[in-house]
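Scroll down for the structure; my scribbles are underneath it.
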Amino acid sequence: MKIVDALLNTNTFSPSELATRYRADFPILDICVNDKSLVYLDNAASSQMPQQVIDRLVRYQTAQHANIHRAVHYLSEVATHEYETARRSLQHFINAREDREIIFTSGTTESINLVMHGYGRKFIQQDDEIILTNLEHHSNIVPWQMLAEEKGARIRVVPINDAGELLIEEYEKLFNSRTRFVAITHVSNALGTINPIKNMIAFAHMKGVPVLVDGAQAAAHIKIDVQDLDCDFYAFSAHKMCGPTGVGILYGKAHLLESMQPFKGGGDMIASVTFEKTTYNTIPYKFEAGTPPIAAAIGFGSAIEYLSKIGMDTIAAYEHELLSYATEQLEGMPGVRIIGNTRTKVAVISFTIEGVHPHDVGTLLNQEGIAVRTGHHCAQPIMQRYNIPATSRASFAFYNTKAEVDALVAGIQSVQKVFS
Amino acid sequence: MNLKSIYQEVILDHNRKPRNYGTLDDANHHALGHNPLCGDRIEVALHLEGEKIDRIAFHGESCAICKASASMMTANVKGKSRAEAETLIKEFREMVVGDLDLEGPHHLGRLAVFAGVRDLPTRVKCAILPWHTLHAALNSVAMASTEATENSAQTATNA
C-alpha cells in the first residue's frame, strides 16, 4: 500500500507501471473464472468499472437522487446540478465549445440514430448520397440504410486495403454533387485501425458535407478534441470507458443541432404544449425527452474524471506499449494470423488460429479464465472483406498487464495443443 | 465430463475425421442450416428410401462442436427410419437445453457426450444446428425448393 501511495505522489513514472498503479481500483479483476484468475481482454465490448465510479453511483443513489429539471425541492436541485456537472465534464473531456453541444443519449447507437432522424430525415432527399466505410460497426451502417431506403438515397462505401486501412484516394473520389453526409468510425472495433479522420473531415468540409464520427472505440483510448477535429457530430458510450451501461453522448455543433428536428417527443424536450401546437425546448433539452438515465450520466461524469486524472495521453502511451508487446508475441506464434496490421492502431488484436474455429478458441480460452470476443464483432462487411466467417479479438485497457498478454499466449498454445 | 475433455476425447476425433462428410449425388431431401449469429453454415443431404434414411451426408463451414455434432448425427441416423430420426432430434434438442433426464430412458447413446454443452448457452446453437437442419431436410419436399428449405432451416435455428 505504501509503495502505491509513493507512486501516486510522483508525476514521473514509466508508462509500463500504469497497470500496476491502477489495477487495484477494479474489484472485478480479482475474480476467478473456471478456477483461474480472470484475464479480461474484452474491453472493446465493455470495460470494467473502478471503485471510484461504483462509489459515485452509490453516493448518488443514497443521498442525491430525484428527478431533474422538475421540482423546486432540495433533492431535485442536487440531482439536476450533478447531472449538469456531468455534462460539463464531458464537454471539457472532448473540448466542446459549449455544454449545450453535449446531448445525453442511451449510447453510441442511439446517438447515431438521433442524427439519422434529426438531421438525415430532414436534410437528405432522394438520390442524395451518404458515405460510409468498410470499417463501420453495424450501428453506423443500419440507420443509414434505413434512411436510404426511406428516402431513395444511396450508400457509398470507402474500401480498405489488406492492412485494414481506408483507401483515402477512393474516399475522395466518392464525393460528387449528390454527396450529403459522411458517417465514419474513428477506430475500427474489429481491427483497431485508427482512421485519419481529421483529414477526412477537412476534405468533406471542402465539399460542404457534414461528418459524423462514431467514437465508441476511440474515446477510451485517444484524446479527443472535437474543435481540433472540426467534426460536426461525435458519438460515444460510457460503458466502454469505465462508466455504466445505458448512457452515452452525442456531441453536435450547436448550429446543426438547432437546425435539426427532435428525435423523440415527450417531457423536458418542450417549451410549451397545447393541443394545437408544441414549441420545442432549446438544445440540448430538445433531444432529451423523458427522464434521462440520471444516475448513469453522473457515473459517466465520474468515469471521465477518473480517466482524466490518469491522463488520456498517459493511457494511450501505455496501451501502445502493451499493443506492441502483444503483437510481437502473437506474430511469433505459428498458425496465428493477425487480421488488420496497420501501424496506427489502438490496443485491439483480431486473430485467427489455423484449423480452429474462433468459437472453439473462445470457449477453450474461457476454460483458462481468459475473456476474448469471438464472432463477426457486429462488423460483417469486414469479415466479408477478409473472406473469413469470424475472428477472435483480444482488446486491452490500461489496467491490463504484460503478464496477461503472456497468459493469452499460453492460452492460445493450449488451444493449439487440444487441436493438434 | 468437463468441457475440455469433451473436446479432447470426442469432438476432435469427429472434427478431424468427420463421418459422412461430402455431398450426395442422388439425395432426395436436403436443407441448408445457417446460424447467422456465428456464421456456421452446413448442408445436410439424404436419400430416403420409403421411410428409411439409407444414405446421408453433410458439408459446410462450422466450429468443431457443430461439425462433430453433424458427424455423429449422420453416423447415428443412417439406416434409421424417419420416425426414429425425429425421436433422436427431439431428445438431442432436449438434452442440450437441459430438459432431458439422461438417467431415464432415451436413445442417444454416445451422443450423450454433448450434454456438457448445456452449460455453455452460447454454444448450444452450434451443437443443435445440424439437428435442426436434418429436421428441415426430412420435412422438406425435395431439392427443388431451396429457398423455402433455407428459410425453414433458418427459422428452426432461431427457434
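In the C-alpha cells, the first chain shown is A, the next is B, and so on; residue numbers restart at 1 for each chain, and ligands run from 1 in the order shown.
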task = Quick one: everything within 6 Å of region 87-97 of chain B, counting only C-alpha atoms, minus sequence neighbours fewer than 2 positions away in the same chain. Send it as number ranges by chain.
result = B: 84-85, 99-100, 115, 117-118, 131
DSSP-assigned alpha helix (DSSP H) among region 20-91 of chain A, expressed as number ranges by chain = A: 20-22, 51-63, 74-91
Please produce a file of those selected residues containing N, CA and C atoms, as a CSV table (one decimal), in the first residue's frame.
```csv
chain,number,residue,atom,x,y,z
A,20,THR,N,0.0,-1.5,-13.0
A,20,THR,CA,0.3,-1.8,-11.6
A,20,THR,C,-0.3,-0.8,-10.7
A,21,ARG,N,-0.3,0.5,-11.1
A,21,ARG,CA,-0.8,1.5,-10.2
A,21,ARG,C,-2.3,1.5,-10.1
A,22,TYR,N,-3.0,1.3,-11.2
A,22,TYR,CA,-4.5,1.5,-11.2
A,22,TYR,C,-5.3,0.2,-11.2
A,51,GLN,N,-13.6,1.3,-8.5
A,51,GLN,CA,-14.4,1.5,-7.3
A,51,GLN,C,-14.8,3.0,-7.1
A,52,GLN,N,-14.0,3.9,-7.7
A,52,GLN,CA,-14.4,5.3,-7.6
A,52,GLN,C,-15.8,5.6,-8.2
A,53,VAL,N,-16.0,5.0,-9.4
A,53,VAL,CA,-17.2,5.2,-10.1
A,53,VAL,C,-18.4,4.4,-9.4
A,54,ILE,N,-18.1,3.2,-8.9
A,54,ILE,CA,-19.1,2.5,-8.2
A,54,ILE,C,-19.5,3.3,-7.0
A,55,ASP,N,-18.6,3.8,-6.3
A,55,ASP,CA,-18.9,4.6,-5.1
A,55,ASP,C,-19.7,5.9,-5.4
A,56,ARG,N,-19.4,6.5,-6.6
A,56,ARG,CA,-20.1,7.6,-7.0
A,56,ARG,C,-21.6,7.3,-7.3
A,57,LEU,N,-21.8,6.1,-7.9
A,57,LEU,CA,-23.2,5.7,-8.1
A,57,LEU,C,-23.9,5.4,-6.8
A,58,VAL,N,-23.2,4.8,-5.9
A,58,VAL,CA,-23.8,4.6,-4.6
A,58,VAL,C,-24.2,5.9,-3.9
A,59,ARG,N,-23.2,6.8,-3.9
A,59,ARG,CA,-23.5,8.1,-3.2
A,59,ARG,C,-24.7,8.8,-3.9
A,60,TYR,N,-24.8,8.8,-5.2
A,60,TYR,CA,-25.9,9.5,-5.8
A,60,TYR,C,-27.2,8.8,-5.4
A,61,GLN,N,-27.2,7.5,-5.4
A,61,GLN,CA,-28.4,6.7,-5.1
A,61,GLN,C,-28.8,6.8,-3.7
A,62,THR,N,-27.8,7.0,-2.8
A,62,THR,CA,-28.1,7.0,-1.3
A,62,THR,C,-28.4,8.4,-0.8
A,63,ALA,N,-27.9,9.4,-1.5
A,63,ALA,CA,-28.1,10.8,-1.0
A,63,ALA,C,-28.5,11.9,-1.9
A,74,TYR,N,-35.1,20.2,-2.6
A,74,TYR,CA,-33.7,20.1,-2.4
A,74,TYR,C,-33.1,19.0,-3.3
A,75,LEU,N,-33.7,17.8,-3.3
A,75,LEU,CA,-33.0,16.6,-4.0
A,75,LEU,C,-33.1,16.9,-5.5
A,76,SER,N,-34.2,17.4,-6.0
A,76,SER,CA,-34.2,17.7,-7.4
A,76,SER,C,-33.2,18.7,-7.8
A,77,GLU,N,-32.9,19.7,-7.0
A,77,GLU,CA,-31.9,20.7,-7.3
A,77,GLU,C,-30.5,20.0,-7.3
A,78,VAL,N,-30.3,19.2,-6.3
A,78,VAL,CA,-29.0,18.5,-6.2
A,78,VAL,C,-28.8,17.6,-7.5
A,79,ALA,N,-29.8,16.8,-7.8
A,79,ALA,CA,-29.7,15.8,-8.9
A,79,ALA,C,-29.4,16.6,-10.2
A,80,THR,N,-30.2,17.7,-10.4
A,80,THR,CA,-30.0,18.5,-11.6
A,80,THR,C,-28.6,19.1,-11.7
A,81,HIS,N,-28.1,19.6,-10.5
A,81,HIS,CA,-26.8,20.1,-10.5
A,81,HIS,C,-25.7,19.1,-10.9
A,82,GLU,N,-25.9,17.9,-10.3
A,82,GLU,CA,-24.9,16.8,-10.6
A,82,GLU,C,-25.0,16.4,-12.0
A,83,TYR,N,-26.2,16.3,-12.5
A,83,TYR,CA,-26.4,15.8,-13.9
A,83,TYR,C,-25.7,16.9,-14.9
A,84,GLU,N,-26.0,18.1,-14.6
A,84,GLU,CA,-25.4,19.2,-15.5
A,84,GLU,C,-23.9,19.3,-15.3
A,85,THR,N,-23.4,18.9,-14.1
A,85,THR,CA,-21.9,18.9,-13.9
A,85,THR,C,-21.3,17.8,-14.7
A,86,ALA,N,-22.0,16.7,-14.8
A,86,ALA,CA,-21.5,15.6,-15.7
A,86,ALA,C,-21.4,16.0,-17.1
A,87,ARG,N,-22.5,16.8,-17.5
A,87,ARG,CA,-22.5,17.3,-18.9
A,87,ARG,C,-21.2,18.2,-19.2
A,88,ARG,N,-20.9,19.0,-18.2
A,88,ARG,CA,-19.7,19.9,-18.4
A,88,ARG,C,-18.4,19.1,-18.3
A,89,SER,N,-18.4,18.0,-17.5
A,89,SER,CA,-17.2,17.1,-17.6
A,89,SER,C,-17.0,16.6,-18.9
A,90,LEU,N,-18.1,16.1,-19.6
A,90,LEU,CA,-18.0,15.6,-20.9
A,90,LEU,C,-17.6,16.7,-21.9
A,91,GLN,N,-18.1,17.9,-21.7
A,91,GLN,CA,-17.8,19.0,-22.6
A,91,GLN,C,-16.3,19.2,-22.6
```
task = Using only C-alpha atoms, select each residue of chain A with any atom at most 6 Å away from an atom of chain B, and give the selection as a ChimeraX atom specification.
result = /A:357,375,389
With N, CA, C and O atoms kept, could you save the residues just selected as an mmCIF file, in the first residue's frame?
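Generated file (part.cif):
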```cif
data_model
loop_
_atom_site.group_PDB
_atom_site.id
_atom_site.type_symbol
_atom_site.label_atom_id
_atom_site.label_comp_id
_atom_site.auth_asym_id
_atom_site.auth_seq_id
_atom_site.Cartn_x
_atom_site.Cartn_y
_atom_site.Cartn_z
ATOM 1 N N HIS A 357 -11.823 -23.026 -35.313
ATOM 2 C CA HIS A 357 -12.865 -22.009 -35.479
ATOM 3 C C HIS A 357 -12.840 -21.054 -34.279
ATOM 4 O O HIS A 357 -12.645 -21.485 -33.143
ATOM 5 N N GLY A 375 -16.360 -13.985 -33.048
ATOM 6 C CA GLY A 375 -17.509 -13.793 -33.920
ATOM 7 C C GLY A 375 -17.215 -12.744 -34.973
ATOM 8 O O GLY A 375 -16.048 -12.490 -35.290
ATOM 9 N N PRO A 389 -15.208 -16.151 -41.665
ATOM 10 C CA PRO A 389 -16.513 -16.049 -41.016
ATOM 11 C C PRO A 389 -16.459 -15.245 -39.727
ATOM 12 O O PRO A 389 -17.431 -14.599 -39.330
#
```
task = Considering only C-alpha atoms, state which residue in the set B:Ser81, B:Asp119, B:Cys66, B:Thr23 is at the smallest distance from Asp360 (chain A).
result =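 Smallest separation from Asp360 (chain A) among the options: B:Cys66.
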request  = Using DSSP on the backbone, list every residue of region 15-94 of chain B that comes out as strand (DSSP E), and give them as a ChimeraX atom specification.
outcome  = /B:29-35,40-49,52-61
Leu129 (chain B) surroundings by only C-alpha atoms, 8 Å radius, close-in-sequence under 5 positions cut, as a ChimeraX atom specification = /B:33-35,66,157
Kindly export the residues of the current selection with N, CA and C atoms, as a PDB file, in the first residue's frame.
```
ATOM      1  N   GLY B  33     -28.547 -25.341 -43.299  1.00  0.00           N
ATOM      2  CA  GLY B  33     -28.723 -24.757 -41.966  1.00  0.00           C
ATOM      3  C   GLY B  33     -27.733 -23.623 -41.784  1.00  0.00           C
ATOM      4  N   HIS B  34     -28.218 -22.528 -41.253  1.00  0.00           N
ATOM      5  CA  HIS B  34     -27.351 -21.355 -41.113  1.00  0.00           C
ATOM      6  C   HIS B  34     -27.590 -20.725 -39.756  1.00  0.00           C
ATOM      7  N   ASN B  35     -26.514 -20.478 -39.034  1.00  0.00           N
ATOM      8  CA  ASN B  35     -26.627 -19.741 -37.781  1.00  0.00           C
ATOM      9  C   ASN B  35     -26.065 -18.350 -38.013  1.00  0.00           C
ATOM     10  N   CYS B  66     -20.096 -27.969 -33.810  1.00  0.00           N
ATOM     11  CA  CYS B  66     -21.125 -28.157 -34.829  1.00  0.00           C
ATOM     12  C   CYS B  66     -20.758 -29.303 -35.767  1.00  0.00           C
ATOM     13  N   THR B 157     -33.325 -22.643 -36.731  1.00  0.00           N
ATOM     14  CA  THR B 157     -32.127 -22.306 -35.964  1.00  0.00           C
ATOM     15  C   THR B 157     -32.407 -21.197 -34.961  1.00  0.00           C
TER      16      THR B 157
END
```
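Reported to one decimal place, the separation of CA of Leu147 (chain A) from CA of Gly118 (chain A) is 11.2 Å.
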Taking only C-alpha atoms into account, produce a table as a tab-separated table in which each residue of region 221-266 of chain A with an atom at most 8 Å from an atom of region 313-327 of chain A appears once, together with its shortest atom pair and the distance in Å to one decimal, ordered by chain and rising number.
```
residue	atom	partner	partner_atom	distance
A:His221	CA	A:Ala316	CA	5.6
A:Ile222	CA	A:Ala316	CA	6.0
A:Lys223	CA	A:Asp313	CA	6.5
```
Those residues with all heavy atoms, as a PDB file, in the first residue's frame please?
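Below is the file out_10.pdb, written as the result:
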```
ATOM      1  N   HIS A 221      -9.457   5.556 -25.475  1.00  0.00           N
ATOM      2  CA  HIS A 221      -8.060   5.254 -25.784  1.00  0.00           C
ATOM      3  C   HIS A 221      -7.252   6.423 -26.350  1.00  0.00           C
ATOM      4  O   HIS A 221      -6.032   6.396 -26.325  1.00  0.00           O
ATOM      5  CB  HIS A 221      -7.997   4.085 -26.772  1.00  0.00           C
ATOM      6  CG  HIS A 221      -8.775   2.902 -26.322  1.00  0.00           C
ATOM      7  ND1 HIS A 221      -8.349   2.104 -25.272  1.00  0.00           N
ATOM      8  CD2 HIS A 221      -9.956   2.388 -26.723  1.00  0.00           C
ATOM      9  CE1 HIS A 221      -9.244   1.139 -25.071  1.00  0.00           C
ATOM     10  NE2 HIS A 221     -10.236   1.295 -25.943  1.00  0.00           N
ATOM     11  N   ILE A 222      -7.939   7.403 -26.911  1.00  0.00           N
ATOM     12  CA  ILE A 222      -7.256   8.518 -27.575  1.00  0.00           C
ATOM     13  C   ILE A 222      -7.834   9.819 -27.030  1.00  0.00           C
ATOM     14  O   ILE A 222      -9.022   9.898 -26.749  1.00  0.00           O
ATOM     15  CB  ILE A 222      -7.555   8.510 -29.095  1.00  0.00           C
ATOM     16  CG1 ILE A 222      -7.217   7.168 -29.717  1.00  0.00           C
ATOM     17  CG2 ILE A 222      -6.818   9.624 -29.805  1.00  0.00           C
ATOM     18  CD1 ILE A 222      -7.643   7.080 -31.174  1.00  0.00           C
ATOM     19  N   LYS A 223      -6.997  10.838 -26.911  1.00  0.00           N
ATOM     20  CA  LYS A 223      -7.503  12.149 -26.511  1.00  0.00           C
ATOM     21  C   LYS A 223      -8.354  12.716 -27.653  1.00  0.00           C
ATOM     22  O   LYS A 223      -7.906  12.792 -28.792  1.00  0.00           O
ATOM     23  CB  LYS A 223      -6.319  13.067 -26.230  1.00  0.00           C
ATOM     24  CG  LYS A 223      -6.673  14.314 -25.474  1.00  0.00           C
ATOM     25  CD  LYS A 223      -5.404  15.098 -25.164  1.00  0.00           C
ATOM     26  CE  LYS A 223      -5.704  16.412 -24.491  1.00  0.00           C
ATOM     27  NZ  LYS A 223      -6.329  16.253 -23.177  1.00  0.00           N
TER      28      LYS A 223
END
```
